[in-house]
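Input: a single structure, listed below in C-alpha cells.
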Amino acid sequence: MPQALKLRPQRTLSRREALAGGFGVLCSTLLATPGRPSQSALITEAVAPGIHIRRGVDADASFANGNAIANGGFVVGRNCVAVVDPGGSLDDGQRLRARIREVTRLPIRYVLMSHVHPDHIFGAGAFAQDRPQFVGHGRLPNAMAQRGEYYQRGLDAILGKGKSGPLVMPTRVVTERDQIDLGDRTLLLTAHGVAHSDCDLSVFDPATATLLPADLLFVERVPSLDGRLKGWQNELTGLKAIPAKRAVPGHGPVRVSWPAGARDLDRYLDVLLRETRAAVKQGMDISAAVASVGRSERGKWKLFDDYQGHNVTQAFKELEWE
Amino acid sequence: MGMKRVLPMALMLIVGWTANAAQTAPALDDEEADRAARWKDLQHALFGDRPVRDGSAWMGIDAPARALDAALVPVNLTVQGGTPIKGIYLVIDNNPGPLAGHFTFGPQADPHSLKLRVRVNAYTYIHAVAETRDDQLYAVARFVKAAGGCSAPAAGDAQQALQDLGHIKVRFMQPFVPGKPMQAQMMIRHPNFNGMQMDQTTRLYTPAMFIRTIDVSYNGAQVLHLDSDISLSSDPVINFGFIPPQKGQLKVSVRDTQDATFGQSFDVPAPAG
C-alpha cells in the first residue's frame with residue numbers, strides 16, 4: 001500500500017485546482033468560508049520505497065493553487081515518519097498530513113524544513129499536533145526572524161488573511177551535518193553554504209540512494225537565486241558526488257536520475273556566471289545586463305521571464321565585487 | 001511618514017510569487033491627481049516658492065518601468081548641453097524619506113551622467129531636479145512600479161555587507177586623457193540599514209545605520225558631495241563623471257549615521273592589471 005502510485009495527470013490536477021480556486025473566490029466573498037476543502041489528502045508519488053512526493057505546480061503562488069507549488073512529501077521508516085518540506089501553506093500541510101495518514105499510522109517525529117522560502121515551510125503548522133522535531137539549517141532561525149512575517153503578509157494577501165499558516169521556528173538546527181534515524185533507515189542531513197538561499201538543507205537517504213536537495217535542484221522551472229551564485233555552483237558540485245541514483249528536485253518532476261538530472265541547472269548557472277561576469281567586465285550597468293544576459297536559456301525553462309531579471313540582478317551584485 | 005510599515009508584496013525575492021500581485025492598480029485619474037498633489041507638496045517642502053520648470057528638453061531620467069527588485073532599482077540621470085549645474089536632487093515621491101539624495105558638483109565634476117541604485121517602497125514617481133549655477137530649478141520624472149523596497153528584509157547574502165563594511169572600490173570606465181571627462185564607478189560595502197526592517201524575534205526594527213555623506217575629490221579639488229538618506233540601496237554603487245586635468249588621485253570619503261568614516265584614494269590612471 002505505501003508504494004501505491006497515485007499520480008494524477010498534471011492537466012487534470014490544474015483544472016481541478018483552478019475550479020476549486022474559482023469556487024473559493026465566490027465562497028470567500030459571499031459566505032466567508034474557506035474555498036478549498038481542507039484536510040483532503042493531496043496526491044503523492046512513491047519516488048523510491050517509502051519516499052512519497054507531491055508534485056508542486058509550476059506557477060507562482062495564487063489563490064487557486066494555494067501555494068502548493070513546491071515538491072515535498074515524506075519518508076516512512078520502520079519506526080516513524082519524517083516530513084521533507086511541509087508545504088506552502090497551512091492547508092497544504094494539512095493535506096500532506098492527511099496523505100501521510102492514508103499511508104501509515106506511524107508517528108510523525110521529524111519535520112525537515114529545507115530553507116526559508118514560504119512555498120516550502122508554511123505548512124509546518126499542520127504538524128504541531130504531532131510534536132515532532134522541526135529541523136532546519138543553522139541559519140534558518142535568523143532568516144525566518146528577518147523574513148517570516150514579511151512572507152506571511154505577502155502570502156496572506158494572496159491566499160486570504162490568516163491562510164498562510166503560523167511561523168514555526170526550527171527546534172533543532174543543523175550547522176554542518178546531522179542524521180535522523182527512522183528505524184530501518186537513517187537520513188543524512190547537510191547544512192549548505194550560501195547557495196540558492198542562505199539556509200539550504202539537503203537530505204540523503206542511503207537506503208534507497210535518493211537525494212532530496214530541495215531548491216538546490218531546479219528542473220524545468222527556472223531556478224531562482226536568492227543566495228550566492230558561485231556558492232550554489234560549489235554546493236551542486238558537492239551534491240553531484242553523492243552516490244545517489246535519483247534526486248527529488250524542489251521544483252519540477254518529482255524524480256530525476258542523478259547526477260544527470262543536474263545538467264540543465266549546471267548549464268544555466270554557468271551561463272549566468274559567464275555572461276554576467278562579462279557584462280560587469282564590459283562596464284555594462286545592471287539594466288543592460290538584465291536585458292542581455294542568459295537569453296540563450298529562454299525557452300528552456302518555465303517562468304523564465306518572471307525570474308531571469310531578478311537572477312541577473314542578484315548575480316550582478318555578487319560578481320561586480322570580484 | 002517615518003517608520004510607517006507598508007504591505008510589501010511585489011518584491012520578487014523567491015520562488016513563490018512574482019510581481020503579479022502588484023499588476024493591478026492602474027494609474028487611474030484620481031491616483032494621478034493624488035500623485036501630482038504629492039509632488040506639489042514635496043516641491044514646496046524642498047524648494048519653497050521657487051518655480052520648478054520642465055527640464056525634459058535637456059535632462060533625462062531612466063529607470064525600469066517595473067522594478068525587478070524593489071530594493072535595488074537602477075536610476076540613470078543624464079544632463080545634456082552646457083548649462084552649468086550646481087547640483088541634482090533625486091526625489092522618490094512615495095518613499096518614507098522622499099529625498100533620496102542631493103548631489104552637489106565641484107569644479108572637477110562632469111555632471112552629465114549619474115547612475116545610482118535606490119529602494120522604492122511604493123508605486124511612485126521619481127523626480128530628478130537640477131539646480132543651475134544661476135539658481136534655476138528644472139525637473140524630469142519617471143514612474144516606477146515597485147513596492148516594498150524599504151521594508152524588505154535583507155537579501156540572502158546580506159552578511160557580506162557587514163563583513164566587508166566600508167570596503168570601497170573604484171573602476172574607471174574610460175581611459176585617462178588629461179583634461180577630458182572620465183566616467184568612474186564607486187562601490188561601497190555598506191548594508192545601509194534604513195531602520196525599516198523588523199527583526200521578528202525581538203520585535204524591534206534593525207537600528208538604522210546608513211550612509212549620510214559621500215565626498216569625492218580629485219587632487220584635493222571637489223568632484224561631488226552627496227547627502228544621502230535611507231533610500232540608497234545596500235552596497236551602494238554610483239557612477240559619476242569627473243575631469244582629471246592631469247594624473248593624480250581620486251579620493252572617496254564616506255560617513256555613516258554612526259559617524260563611522262571610510263575613505264580610500266585611487267590612482268588615475270589606474271595601475272595596469
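Letters for chains follow the order of the C-alpha cells (A, B, ...), residue numbers begin at 1 for each chain, and ligand numbers begin at 1 in the order shown.
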| task | Apply DSSP to the backbone of this structure and, from region 18-195 of chain A, keep only the residues in strand (DSSP E); write these as an NGL selection string. | result | :A and (45-48 or 51-54 or 72-76 or 81-84 or 108-112 or 133-137 or 172-174 or 177-181 or 186-191)
| Backbone DSSP call of helix (DSSP H, G or I) for region 47-157 of chain A, listed as a PyMOL selection string | chain A and resi 90-103+118-121+124-130+140-157
Take the residues from that selection and write them out as an mmCIF file, in the first residue's frame, keeping C-alpha atoms.
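out.cif was written with the following content:
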```
data_model
loop_
_atom_site.group_PDB
_atom_site.id
_atom_site.type_symbol
_atom_site.label_atom_id
_atom_site.label_comp_id
_atom_site.auth_asym_id
_atom_site.auth_seq_id
_atom_site.Cartn_x
_atom_site.Cartn_y
_atom_site.Cartn_z
ATOM 1 C CA LEU A 90 -1.245 25.599 6.480
ATOM 2 C CA ASP A 91 -3.836 23.972 4.241
ATOM 3 C CA ASP A 92 -1.153 22.418 2.050
ATOM 4 C CA GLY A 93 0.443 20.996 5.207
ATOM 5 C CA GLN A 94 -2.879 19.669 6.461
ATOM 6 C CA ARG A 95 -3.490 17.922 3.164
ATOM 7 C CA LEU A 96 0.001 16.455 3.287
ATOM 8 C CA ARG A 97 -0.695 15.223 6.790
ATOM 9 C CA ALA A 98 -3.947 13.660 5.588
ATOM 10 C CA ARG A 99 -1.994 11.893 2.864
ATOM 11 C CA ILE A 100 0.514 10.580 5.393
ATOM 12 C CA ARG A 101 -2.353 9.142 7.413
ATOM 13 C CA GLU A 102 -3.643 7.349 4.320
ATOM 14 C CA VAL A 103 -0.259 5.668 4.007
ATOM 15 C CA PRO A 118 7.399 30.183 2.024
ATOM 16 C CA ASP A 119 6.438 27.579 -0.573
ATOM 17 C CA HIS A 120 8.476 25.052 1.420
ATOM 18 C CA ILE A 121 7.741 25.753 5.062
ATOM 19 C CA ALA A 124 4.671 23.277 9.195
ATOM 20 C CA GLY A 125 1.845 24.374 11.496
ATOM 21 C CA ALA A 126 -0.218 21.385 10.364
ATOM 22 C CA PHE A 127 2.206 19.112 12.215
ATOM 23 C CA ALA A 128 2.327 20.918 15.564
ATOM 24 C CA GLN A 129 -0.159 18.336 16.942
ATOM 25 C CA ASP A 130 2.397 15.586 16.273
ATOM 26 C CA LEU A 140 17.134 29.210 9.265
ATOM 27 C CA PRO A 141 16.018 30.763 12.575
ATOM 28 C CA ASN A 142 17.677 34.042 11.690
ATOM 29 C CA ALA A 143 16.326 34.001 8.143
ATOM 30 C CA MET A 144 12.839 33.320 9.470
ATOM 31 C CA ALA A 145 13.201 36.071 12.051
ATOM 32 C CA GLN A 146 14.121 38.526 9.332
ATOM 33 C CA ARG A 147 11.643 37.457 6.700
ATOM 34 C CA GLY A 148 8.962 35.250 8.204
ATOM 35 C CA GLU A 149 6.385 37.902 8.903
ATOM 36 C CA TYR A 150 7.114 39.608 5.608
ATOM 37 C CA TYR A 151 6.423 36.379 3.743
ATOM 38 C CA GLN A 152 3.346 35.749 5.839
ATOM 39 C CA ARG A 153 1.860 39.116 4.945
ATOM 40 C CA GLY A 154 2.653 38.616 1.277
ATOM 41 C CA LEU A 155 1.122 35.152 1.247
ATOM 42 C CA ASP A 156 -1.922 36.221 3.246
ATOM 43 C CA ALA A 157 -2.519 38.897 0.641
#
```
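Residues in contact with Ala146 (chain B) at up to 7 Å, not including ones fewer than 2 positions away on its chain and judged by only C-alpha atoms, are B:Ala10, B:Arg66, B:Ala67, B:Ala70, B:Val120, B:Asn121, B:Ala122, B:Tyr123, B:Val144.
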Any chance you can output those residues with C-alpha atoms as a short mmCIF file (atom, residue, chain, number, x, y, z; two decimals), in the first residue's frame?
```
data_model
loop_
_atom_site.label_atom_id
_atom_site.label_comp_id
_atom_site.auth_asym_id
_atom_site.auth_seq_id
_atom_site.Cartn_x
_atom_site.Cartn_y
_atom_site.Cartn_z
CA ALA B 10 5.94 42.85 -5.22
CA ARG B 66 8.53 47.78 -13.37
CA ALA B 67 11.31 47.07 -10.93
CA ALA B 70 12.37 46.95 -5.30
CA VAL B 120 11.43 52.01 -3.85
CA ASN B 121 8.67 51.41 -1.37
CA ALA B 122 5.50 52.01 -3.39
CA TYR B 123 4.40 52.81 -6.91
CA VAL B 144 8.23 53.25 -11.39
#
```
| request: Extract, using only C-alpha atoms, all DNA, RNA and protein residues at most 8 Å from Leu165 (chain B), discarding same-chain residues fewer than 3 positions from it, and format them as a ChimeraX atom specification. | output: /B:161-162,189-191
| request: May I ask for the distance between CA of Gly87 (chain B) and CA of Leu224 (chain B), given in Å to one decimal place? | output: 8.9 Å
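Interatomic distance, CA of His112 (chain B) against CA of Gly241 (chain B): 7.1 Å.
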